[in-house]
Amino acid sequence: MSNENYTYQTKNPGIVFIISAIFVLGFVLWGFISPEQLAATANTALDFTIETFGWFYMLVAAFFVSFIIFLAFSPFGKLRLGKPDDRPEYSFYAWLGMLFSAGIGVGFVFWGVAEPVLYYVDTPLGQDVESQAEAAQLGLDYGIFHWAFHPWAIFSLVALALGYVQFRKDQPALISSAFFPLFGNKVRGKLGQGIDVLAVLATSTGVATTFGLSAMQISGGLSYLTGLPNNAFTQLTIIAIVAVLFMFSAASGLNKGIRYLSVINLTVAALLLIFVIILGPTIYLLESVTTSLGAYISNFVPMSLTMTPFSDSSWIGANTIFYWAWHISWAPFMGMFIARISRGRTIRGFIGGVLLVPALLAVIWFSVFGGSALHLEMNGIASIADIVNDTVELALFATLQEFPLAGITNGLAVLLILIFFITSADSASYTLGAMTSKGSLNPPLFAKITWGVLIAGTAAVLLLSNGLEGLQTASIVAALPFSIIMSVMVFSMLKMFTQDRNKEKQKAREHQKSAMKEEILDELEEEIDDFSRDSVEETDFEQDSNSSKDK
């Protein structure tokens with residue numbers, strides 16, 4: 001179905017916009033005036049959160065994955081994100097491209113090489129390994145684990161709830177709308193506004209962090225390739241250029257700007273992946289993909305529920321719990337955006353696209369790029385581990401440099417990150433604009449530009465004041481209350497889905513009864529017609545017999 005068949009109302013920004021913008025601006029000023037104090041406060045809060053609630057993050061993340069898989073196989077999977085007659089608004093390829101370009105693709109590109117190598121050096125859970133090969137496999141296993149099912153299940157949960165209440169229940173595109181089945185019109189008051197403000201703050205901090213990471217990686221890549229200085233000035237210049245490009249994309253709208261850039265981006269990512277597989281140690285990489293997939297499937301449950309209560313290892317808190325919290329802090333943004341582009345899909349089809357496909361791509365991407373870096377490191381071809389430990393944003397470029405056609409592949413990598421940066425800015429500004437414009441699915445350009453500039457400014461100020469780590473830490477802490485909100489969201493979804501499934505079953509029964517009645521009536525009419533014809537034929541026969549006798 002063409003997207004031109006759907007129209008969305010534009011609404012002006014409301015009180016949530018004002019409160020959220022003031023909070024974000026205040027946070028930026030704090031980071032600019034006293035970055036040390038911000039970092040210290042955030043780190044104290046982070047340590048307390050991980051030490052006290054680490055077990056909760058592990059359980060709740062595993063619960064979200066289990067719940068999403070349950071929905072896919074349950075009768076609820078037949079329900080549609082929209083009215084029964086709605087059909088997908090975007091093609092599968094464009095939809096998939098937009099999923100990645102919303103921002104999570106930056107994580108793949110940034111950490112696809114760096115994370116497996118970091119875990120190769122700093123062994124997960126402090127385990128003693130007997131060989132380099134075992135350490136390398138552990139590094140790949142945990143890199144994939146952090147970016148496969150769990151993050152996408154977290155995003156899917158929020159996206160399903162929002163997509164359903166928006167397109168099936170005609171509620172505004174707000175996080176608070178997901179609780180309408182539980183609290184009714186109360187979500188239109190202060191309760192709902194509080195939930196929406198918290199979601200906006202979690203989103204803005206998480207997105208600003210990604211802006212900073214993207215600017216650092218583009219700056220590092222250009223420095224590595226051209227000799228440009230990799231400093232704050234270069235990073236700020238990149239942010240300024242991307243801000244201008246983003247404004248053009250935002251002004252062209254979701255169906256042109258993000259949609260077209262996302263298709264280009266997915267294509268570039270696929271080309272880069274194919275290049276590395278063909279130009280690199282092909283057999284080794286294919287074996288790495290196969291082994292990593294098997295390891296992920298067999299170790300998924302133990303890895304999901306493993307902590308270290310009997311040892312002093314802090315690895316799980318600094319890595320796995322850190323990532324779960326970071327993904328949860330991203331859930332309002334990713335959930336809102338994925339919901340907007342998923343109208344018309346069934347729950348089962350949605351989960352297949354949002355959970356299974358990205359998880360499989362995570363296995364392939366990390367195995368290929370992380371595996372290539374580990375191959376170079378273990379065979380003494382290049383000291384990738386030293387580069388990652390020293391300047392983590394150079395990991396991808398240093399790896400590609402060791403393969404043939406390095407100029408082309410590194411150029412593709414810079415282009416990929418740049419487009420990811422633009423589409424992340426565009427989709428983030430769209431989502432924040434919708435969340436602060438009373439849930440409008442077509443937020444005004446003013447709101448989108450304001451949030452885009454505010455987040456770009458946040459990233460710029462924090463890069464200048466070395467407060468990027470503090471902002472990232474703050475987004476992790478903000479994830480704790482939102483994880484509780486998401487847990488309550490599960491019960492709201494179950495109530496919605498159960499009610500609508502029962503209604504559909506009732507309609508199906510009524511339709512079946514109506515069809516049976518029509519069938520019975522048709523059979524009765526046929527019998528009556530047959531009886532009438534037989535009666536007429538008998539009468540005619542008797543008349544003919546009497547007439548013959550008279551003759």
# chains A, B, ... in the order shown; residues from 1 in each chain; ligands from 1
>>> residues_around(residues="Leu46 of chain A", least_positions_apart="4", cutoff="9 Å", atoms="only C-alpha atoms", output="NGL selection string")
:A and (41-42 or 50-51 or 473-474 or 476-477)
>>> write_last_selection(atoms="N, CA, C and O atoms", output="PDB file, in the first residue's frame")
ATOM      1  N   THR A  41      29.088  13.207  39.747  1.00  0.00           N
ATOM      2  CA  THR A  41      27.727  12.920  40.210  1.00  0.00           C
ATOM      3  C   THR A  41      27.124  11.758  39.421  1.00  0.00           C
ATOM      4  O   THR A  41      26.521  10.846  39.993  1.00  0.00           O
ATOM      5  N   ALA A  42      27.308  11.808  38.107  1.00  0.00           N
ATOM      6  CA  ALA A  42      26.748  10.766  37.253  1.00  0.00           C
ATOM      7  C   ALA A  42      27.391   9.413  37.547  1.00  0.00           C
ATOM      8  O   ALA A  42      26.712   8.384  37.591  1.00  0.00           O
ATOM      9  N   ILE A  50      24.098   0.249  39.259  1.00  0.00           N
ATOM     10  CA  ILE A  50      24.565  -1.064  38.806  1.00  0.00           C
ATOM     11  C   ILE A  50      24.735  -2.031  39.981  1.00  0.00           C
ATOM     12  O   ILE A  50      24.332  -3.195  39.914  1.00  0.00           O
ATOM     13  N   GLU A  51      25.318  -1.549  41.080  1.00  0.00           N
ATOM     14  CA  GLU A  51      25.544  -2.420  42.231  1.00  0.00           C
ATOM     15  C   GLU A  51      24.240  -2.851  42.903  1.00  0.00           C
ATOM     16  O   GLU A  51      24.111  -3.983  43.379  1.00  0.00           O
ATOM     17  N   THR A 473      26.563   8.320  30.985  1.00  0.00           N
ATOM     18  CA  THR A 473      26.289   7.724  32.283  1.00  0.00           C
ATOM     19  C   THR A 473      24.921   8.142  32.798  1.00  0.00           C
ATOM     20  O   THR A 473      24.166   7.332  33.342  1.00  0.00           O
ATOM     21  N   ALA A 474      24.578   9.419  32.595  1.00  0.00           N
ATOM     22  CA  ALA A 474      23.279   9.910  33.055  1.00  0.00           C
ATOM     23  C   ALA A 474      22.134   9.203  32.342  1.00  0.00           C
ATOM     24  O   ALA A 474      21.093   8.911  32.940  1.00  0.00           O
ATOM     25  N   ILE A 476      22.145   6.194  31.380  1.00  0.00           N
ATOM     26  CA  ILE A 476      22.039   4.853  31.957  1.00  0.00           C
ATOM     27  C   ILE A 476      21.213   4.891  33.231  1.00  0.00           C
ATOM     28  O   ILE A 476      20.365   4.037  33.480  1.00  0.00           O
ATOM     29  N   VAL A 477      21.479   5.896  34.059  1.00  0.00           N
ATOM     30  CA  VAL A 477      20.738   6.034  35.312  1.00  0.00           C
ATOM     31  C   VAL A 477      19.255   6.290  35.025  1.00  0.00           C
ATOM     32  O   VAL A 477      18.368   5.758  35.696  1.00  0.00           O
TER      33      VAL A 477
END
>>> closest_residue(among="A:Val197, A:Ile22, A:Ile520, A:Leu355", to="Trp152 of chain A", atoms="only C-alpha atoms")
A:Leu355
>>> closest_residue(among="A:Ala45, A:Ala382, A:Leu201, A:Leu416", to="Leu261 of chain A", atoms="only C-alpha atoms")
A:Leu416
>>> closest_residue(among="A:Ile144, A:Met486, A:Ser514, A:Glu504", to="Gly294 of chain A", atoms="only C-alpha atoms")
A:Ile144
>>> select_by_dssp(residues="segment 318-385 of chain A", states="alpha helix (DSSP H)", output="PDB file with N, CA, C and O atoms, in the first residue's frame")
ATOM      1  N   PHE A 322      25.590  -2.475  31.683  1.00  0.00           N
ATOM      2  CA  PHE A 322      25.726  -1.152  31.079  1.00  0.00           C
ATOM      3  C   PHE A 322      24.962  -1.091  29.751  1.00  0.00           C
ATOM      4  O   PHE A 322      24.209  -0.144  29.491  1.00  0.00           O
ATOM      5  N   TYR A 323      25.142  -2.113  28.915  1.00  0.00           N
ATOM      6  CA  TYR A 323      24.471  -2.109  27.611  1.00  0.00           C
ATOM      7  C   TYR A 323      22.958  -2.260  27.748  1.00  0.00           C
ATOM      8  O   TYR A 323      22.193  -1.607  27.020  1.00  0.00           O
ATOM      9  N   TRP A 324      22.492  -3.127  28.656  1.00  0.00           N
ATOM     10  CA  TRP A 324      21.049  -3.273  28.818  1.00  0.00           C
ATOM     11  C   TRP A 324      20.418  -1.938  29.227  1.00  0.00           C
ATOM     12  O   TRP A 324      19.377  -1.553  28.722  1.00  0.00           O
ATOM     13  N   ALA A 325      21.073  -1.256  30.163  1.00  0.00           N
ATOM     14  CA  ALA A 325      20.544   0.036  30.606  1.00  0.00           C
ATOM     15  C   ALA A 325      20.589   1.056  29.470  1.00  0.00           C
ATOM     16  O   ALA A 325      19.647   1.846  29.292  1.00  0.00           O
ATOM     17  N   TRP A 326      21.665   1.043  28.691  1.00  0.00           N
ATOM     18  CA  TRP A 326      21.778   1.987  27.584  1.00  0.00           C
ATOM     19  C   TRP A 326      20.691   1.730  26.545  1.00  0.00           C
ATOM     20  O   TRP A 326      20.065   2.668  26.032  1.00  0.00           O
ATOM     21  N   HIS A 327      20.431   0.476  26.227  1.00  0.00           N
ATOM     22  CA  HIS A 327      19.368   0.154  25.272  1.00  0.00           C
ATOM     23  C   HIS A 327      18.002   0.574  25.810  1.00  0.00           C
ATOM     24  O   HIS A 327      17.149   1.044  25.050  1.00  0.00           O
ATOM     25  N   ILE A 328      17.770   0.391  27.100  1.00  0.00           N
ATOM     26  CA  ILE A 328      16.487   0.803  27.693  1.00  0.00           C
ATOM     27  C   ILE A 328      16.331   2.319  27.615  1.00  0.00           C
ATOM     28  O   ILE A 328      15.241   2.821  27.348  1.00  0.00           O
ATOM     29  N   SER A 329      17.430   3.052  27.823  1.00  0.00           N
ATOM     30  CA  SER A 329      17.344   4.512  27.724  1.00  0.00           C
ATOM     31  C   SER A 329      17.046   4.950  26.291  1.00  0.00           C
ATOM     32  O   SER A 329      16.512   6.030  26.059  1.00  0.00           O
ATOM     33  N   TRP A 330      17.387   4.093  25.320  1.00  0.00           N
ATOM     34  CA  TRP A 330      17.085   4.378  23.916  1.00  0.00           C
ATOM     35  C   TRP A 330      15.671   3.945  23.520  1.00  0.00           C
ATOM     36  O   TRP A 330      15.185   4.315  22.455  1.00  0.00           O
ATOM     37  N   ALA A 331      15.032   3.147  24.364  1.00  0.00           N
ATOM     38  CA  ALA A 331      13.753   2.544  23.985  1.00  0.00           C
ATOM     39  C   ALA A 331      12.662   3.554  23.621  1.00  0.00           C
ATOM     40  O   ALA A 331      11.902   3.310  22.672  1.00  0.00           O
ATOM     41  N   PRO A 332      12.509   4.691  24.333  1.00  0.00           N
ATOM     42  CA  PRO A 332      11.455   5.635  23.930  1.00  0.00           C
ATOM     43  C   PRO A 332      11.653   6.142  22.505  1.00  0.00           C
ATOM     44  O   PRO A 332      10.705   6.202  21.716  1.00  0.00           O
ATOM     45  N   PHE A 333      12.912   6.498  22.177  1.00  0.00           N
ATOM     46  CA  PHE A 333      13.208   7.011  20.841  1.00  0.00           C
ATOM     47  C   PHE A 333      13.012   5.949  19.768  1.00  0.00           C
ATOM     48  O   PHE A 333      12.251   6.131  18.801  1.00  0.00           O
ATOM     49  N   MET A 334      13.682   4.808  19.941  1.00  0.00           N
ATOM     50  CA  MET A 334      13.579   3.755  18.938  1.00  0.00           C
ATOM     51  C   MET A 334      12.159   3.207  18.848  1.00  0.00           C
ATOM     52  O   MET A 334      11.650   2.939  17.752  1.00  0.00           O
ATOM     53  N   GLY A 335      11.519   3.040  20.001  1.00  0.00           N
ATOM     54  CA  GLY A 335      10.148   2.523  20.000  1.00  0.00           C
ATOM     55  C   GLY A 335       9.189   3.439  19.277  1.00  0.00           C
ATOM     56  O   GLY A 335       8.373   2.997  18.455  1.00  0.00           O
ATOM     57  N   MET A 336       9.281   4.730  19.552  1.00  0.00           N
ATOM     58  CA  MET A 336       8.404   5.704  18.915  1.00  0.00           C
ATOM     59  C   MET A 336       8.615   5.731  17.406  1.00  0.00           C
ATOM     60  O   MET A 336       7.666   5.734  16.614  1.00  0.00           O
ATOM     61  N   PHE A 337       9.884   5.729  16.987  1.00  0.00           N
ATOM     62  CA  PHE A 337      10.177   5.810  15.563  1.00  0.00           C
ATOM     63  C   PHE A 337       9.782   4.532  14.831  1.00  0.00           C
ATOM     64  O   PHE A 337       9.178   4.581  13.753  1.00  0.00           O
ATOM     65  N   ILE A 338      10.111   3.380  15.413  1.00  0.00           N
ATOM     66  CA  ILE A 338       9.765   2.111  14.768  1.00  0.00           C
ATOM     67  C   ILE A 338       8.249   1.960  14.668  1.00  0.00           C
ATOM     68  O   ILE A 338       7.726   1.463  13.662  1.00  0.00           O
ATOM     69  N   ALA A 339       7.530   2.408  15.693  1.00  0.00           N
ATOM     70  CA  ALA A 339       6.062   2.352  15.652  1.00  0.00           C
ATOM     71  C   ALA A 339       5.533   3.171  14.474  1.00  0.00           C
ATOM     72  O   ALA A 339       4.634   2.734  13.744  1.00  0.00           O
ATOM     73  N   ARG A 340       6.100   4.356  14.276  1.00  0.00           N
ATOM     74  CA  ARG A 340       5.620   5.252  13.222  1.00  0.00           C
ATOM     75  C   ARG A 340       5.781   4.637  11.835  1.00  0.00           C
ATOM     76  O   ARG A 340       4.925   4.826  10.956  1.00  0.00           O
ATOM     77  N   ILE A 347       1.517  -8.234  14.229  1.00  0.00           N
ATOM     78  CA  ILE A 347       2.485  -8.354  15.327  1.00  0.00           C
ATOM     79  C   ILE A 347       3.531  -9.414  15.004  1.00  0.00           C
ATOM     80  O   ILE A 347       4.727  -9.224  15.238  1.00  0.00           O
ATOM     81  N   ARG A 348       3.097 -10.528  14.433  1.00  0.00           N
ATOM     82  CA  ARG A 348       4.038 -11.599  14.095  1.00  0.00           C
ATOM     83  C   ARG A 348       5.024 -11.148  13.021  1.00  0.00           C
ATOM     84  O   ARG A 348       6.235 -11.379  13.124  1.00  0.00           O
ATOM     85  N   GLY A 349       4.530 -10.484  11.988  1.00  0.00           N
ATOM     86  CA  GLY A 349       5.414  -9.990  10.935  1.00  0.00           C
ATOM     87  C   GLY A 349       6.340  -8.900  11.440  1.00  0.00           C
ATOM     88  O   GLY A 349       7.512  -8.830  11.050  1.00  0.00           O
ATOM     89  N   PHE A 350       5.830  -8.057  12.316  1.00  0.00           N
ATOM     90  CA  PHE A 350       6.623  -6.993  12.919  1.00  0.00           C
ATOM     91  C   PHE A 350       7.797  -7.577  13.706  1.00  0.00           C
ATOM     92  O   PHE A 350       8.942  -7.155  13.548  1.00  0.00           O
ATOM     93  N   ILE A 351       7.512  -8.563  14.559  1.00  0.00           N
ATOM     94  CA  ILE A 351       8.556  -9.155  15.389  1.00  0.00           C
ATOM     95  C   ILE A 351       9.589  -9.873  14.525  1.00  0.00           C
ATOM     96  O   ILE A 351      10.797  -9.817  14.782  1.00  0.00           O
ATOM     97  N   VAL A 357      15.580 -10.433  12.071  1.00  0.00           N
ATOM     98  CA  VAL A 357      16.488  -9.947  11.022  1.00  0.00           C
ATOM     99  C   VAL A 357      17.657  -9.148  11.601  1.00  0.00           C
ATOM    100  O   VAL A 357      18.819  -9.425  11.281  1.00  0.00           O
ATOM    101  N   PRO A 358      17.413  -8.159  12.478  1.00  0.00           N
ATOM    102  CA  PRO A 358      18.553  -7.434  13.061  1.00  0.00           C
ATOM    103  C   PRO A 358      19.477  -8.333  13.890  1.00  0.00           C
ATOM    104  O   PRO A 358      20.690  -8.127  13.893  1.00  0.00           O
ATOM    105  N   ALA A 359      18.899  -9.310  14.594  1.00  0.00           N
ATOM    106  CA  ALA A 359      19.736 -10.220  15.388  1.00  0.00           C
ATOM    107  C   ALA A 359      20.664 -11.022  14.477  1.00  0.00           C
ATOM    108  O   ALA A 359      21.857 -11.194  14.775  1.00  0.00           O
ATOM    109  N   LEU A 360      20.120 -11.505  13.363  1.00  0.00           N
ATOM    110  CA  LEU A 360      20.949 -12.253  12.416  1.00  0.00           C
ATOM    111  C   LEU A 360      22.020 -11.354  11.800  1.00  0.00           C
ATOM    112  O   LEU A 360      23.176 -11.762  11.646  1.00  0.00           O
ATOM    113  N   LEU A 361      21.645 -10.115  11.481  1.00  0.00           N
ATOM    114  CA  LEU A 361      22.617  -9.175  10.931  1.00  0.00           C
ATOM    115  C   LEU A 361      23.703  -8.838  11.951  1.00  0.00           C
ATOM    116  O   LEU A 361      24.859  -8.620  11.586  1.00  0.00           O
ATOM    117  N   ALA A 362      23.319  -8.794  13.231  1.00  0.00           N
ATOM    118  CA  ALA A 362      24.317  -8.546  14.288  1.00  0.00           C
ATOM    119  C   ALA A 362      25.344  -9.673  14.314  1.00  0.00           C
ATOM    120  O   ALA A 362      26.559  -9.431  14.434  1.00  0.00           O
ATOM    121  N   VAL A 363      24.864 -10.921  14.202  1.00  0.00           N
ATOM    122  CA  VAL A 363      25.777 -12.070  14.179  1.00  0.00           C
ATOM    123  C   VAL A 363      26.742 -11.955  13.001  1.00  0.00           C
ATOM    124  O   VAL A 363      27.962 -12.134  13.148  1.00  0.00           O
ATOM    125  N   ILE A 364      26.209 -11.632  11.828  1.00  0.00           N
ATOM    126  CA  ILE A 364      27.035 -11.552  10.625  1.00  0.00           C
ATOM    127  C   ILE A 364      28.010 -10.379  10.710  1.00  0.00           C
ATOM    128  O   ILE A 364      29.216 -10.526  10.451  1.00  0.00           O
ATOM    129  N   TRP A 365      27.509  -9.193  11.085  1.00  0.00           N
ATOM    130  CA  TRP A 365      28.338  -7.978  11.102  1.00  0.00           C
ATOM    131  C   TRP A 365      29.493  -8.117  12.097  1.00  0.00           C
ATOM    132  O   TRP A 365      30.651  -7.864  11.756  1.00  0.00           O
ATOM    133  N   GLY A 371      35.662 -10.398  13.655  1.00  0.00           N
ATOM    134  CA  GLY A 371      36.498 -11.551  13.308  1.00  0.00           C
ATOM    135  C   GLY A 371      37.713 -11.148  12.489  1.00  0.00           C
ATOM    136  O   GLY A 371      38.811 -11.685  12.667  1.00  0.00           O
ATOM    137  N   SER A 372      37.540 -10.186  11.575  1.00  0.00           N
ATOM    138  CA  SER A 372      38.668  -9.710  10.763  1.00  0.00           C
ATOM    139  C   SER A 372      39.732  -9.062  11.642  1.00  0.00           C
ATOM    140  O   SER A 372      40.933  -9.306  11.476  1.00  0.00           O
ATOM    141  N   ALA A 373      39.282  -8.224  12.580  1.00  0.00           N
ATOM    142  CA  ALA A 373      40.226  -7.550  13.479  1.00  0.00           C
ATOM    143  C   ALA A 373      40.968  -8.560  14.351  1.00  0.00           C
ATOM    144  O   ALA A 373      42.196  -8.445  14.554  1.00  0.00           O
ATOM    145  N   LEU A 374      40.254  -9.555  14.863  1.00  0.00           N
ATOM    146  CA  LEU A 374      40.891 -10.582  15.696  1.00  0.00           C
ATOM    147  C   LEU A 374      41.881 -11.417  14.885  1.00  0.00           C
ATOM    148  O   LEU A 374      42.940 -11.807  15.386  1.00  0.00           O
ATOM    149  N   HIS A 375      41.536 -11.673  13.640  1.00  0.00           N
ATOM    150  CA  HIS A 375      42.433 -12.420  12.749  1.00  0.00           C
ATOM    151  C   HIS A 375      43.741 -11.656  12.555  1.00  0.00           C
ATOM    152  O   HIS A 375      44.845 -12.236  12.609  1.00  0.00           O
ATOM    153  N   LEU A 376      43.632 -10.337  12.342  1.00  0.00           N
ATOM    154  CA  LEU A 376      44.821  -9.507  12.163  1.00  0.00           C
ATOM    155  C   LEU A 376      45.668  -9.478  13.434  1.00  0.00           C
ATOM    156  O   LEU A 376      46.903  -9.554  13.386  1.00  0.00           O
ATOM    157  N   GLU A 377      44.990  -9.359  14.586  1.00  0.00           N
ATOM    158  CA  GLU A 377      45.678  -9.274  15.869  1.00  0.00           C
ATOM    159  C   GLU A 377      46.380 -10.588  16.210  1.00  0.00           C
ATOM    160  O   GLU A 377      47.556 -10.602  16.592  1.00  0.00           O
ATOM    161  N   MET A 378      45.669 -11.693  16.075  1.00  0.00           N
ATOM    162  CA  MET A 378      46.204 -12.994  16.504  1.00  0.00           C
ATOM    163  C   MET A 378      47.320 -13.491  15.598  1.00  0.00           C
ATOM    164  O   MET A 378      48.190 -14.252  16.043  1.00  0.00           O
ATOM    165  N   ILE A 384      45.802  -4.363  16.312  1.00  0.00           N
ATOM    166  CA  ILE A 384      44.498  -3.722  16.425  1.00  0.00           C
ATOM    167  C   ILE A 384      44.144  -3.451  17.891  1.00  0.00           C
ATOM    168  O   ILE A 384      43.541  -2.431  18.225  1.00  0.00           O
ATOM    169  N   ALA A 385      44.558  -4.361  18.782  1.00  0.00           N
ATOM    170  CA  ALA A 385      44.218  -4.203  20.205  1.00  0.00           C
ATOM    171  C   ALA A 385      44.803  -2.922  20.783  1.00  0.00           C
ATOM    172  O   ALA A 385      44.135  -2.204  21.545  1.00  0.00           O
TER     173      ALA A 385
END
>>> atom_distance(atom1="atom CA of Gln235 of chain A", atom2="atom CA of Phe27 of chain A")
20.8 Å
>>> atom_distance(atom1="atom CA of Glu393 of chain A", atom2="atom CA of Leu213 of chain A")
8.0 Å
>>> closest_residue(among="A:Leu480, A:Leu228, A:Leu266, A:Leu524", to="Phe48 of chain A", atoms="only C-alpha atoms")
A:Leu480
>>> closest_residue(among="A:Gly457, A:Gly14, A:Gly280, A:Pro481", to="Leu29 of chain A", atoms="only C-alpha atoms")
A:Gly457
>>> atom_distance(atom1="atom CA of Leu225 of chain A", atom2="atom CA of Ser427 of chain A")
28.9 Å
>>> residues_around(residues="Ile277 of chain A", least_positions_apart="4", cutoff="10 Å", atoms="only C-alpha atoms", output="PyMOL selection string")
chain A and resi 271-273+281-286+368-369+372
>>> residues_around(residues="segment 300-307 of chain A", least_positions_apart="2", cutoff="9 Å", atoms="only C-alpha atoms", output="MDAnalysis selection string")
chainID A and resid 54:55 58:59 61:62 125 142 145 150 295:298 309:310 316:317
>>> residues_around(residues="Gly220 of chain A", least_positions_apart="5", cutoff="10 Å", atoms="only C-alpha atoms", output="count of residues only")
18
>>> closest_residue(among="A:Leu396, A:Ser176, A:Gln132, A:Thr44", to="Gln193 of chain A", atoms="only C-alpha atoms")
A:Ser176
>>> residues_around(residues="Trp451 of chain A", least_positions_apart="5", cutoff="7 Å", atoms="only C-alpha atoms", output="list in words")
Ser429, Leu432 and Gly433 of chain A
>>> closest_atom_pairs(of="segment 363-476 of chain A", to="segment 17-20 of chain A", cutoff="9 Å", atoms="only C-alpha atoms", output="CSV")
residue,atom,partner,partner_atom,distance
A:Leu432,CA,A:Phe17,CA,8.7
A:Gly433,CA,A:Phe17,CA,8.2
A:Met435,CA,A:Phe17,CA,8.0
A:Thr436,CA,A:Phe17,CA,4.5
A:Ser437,CA,A:Phe17,CA,7.0
A:Lys438,CA,A:Phe17,CA,8.9
A:Ala447,CA,A:Phe17,CA,8.5
>>> residues_around(residues="segment 75-85 of chain A", least_positions_apart="5", cutoff="12 Å", atoms="only C-alpha atoms", output="number ranges by chain")
A: 1, 6, 67-70, 159-171, 338-352, 493-505
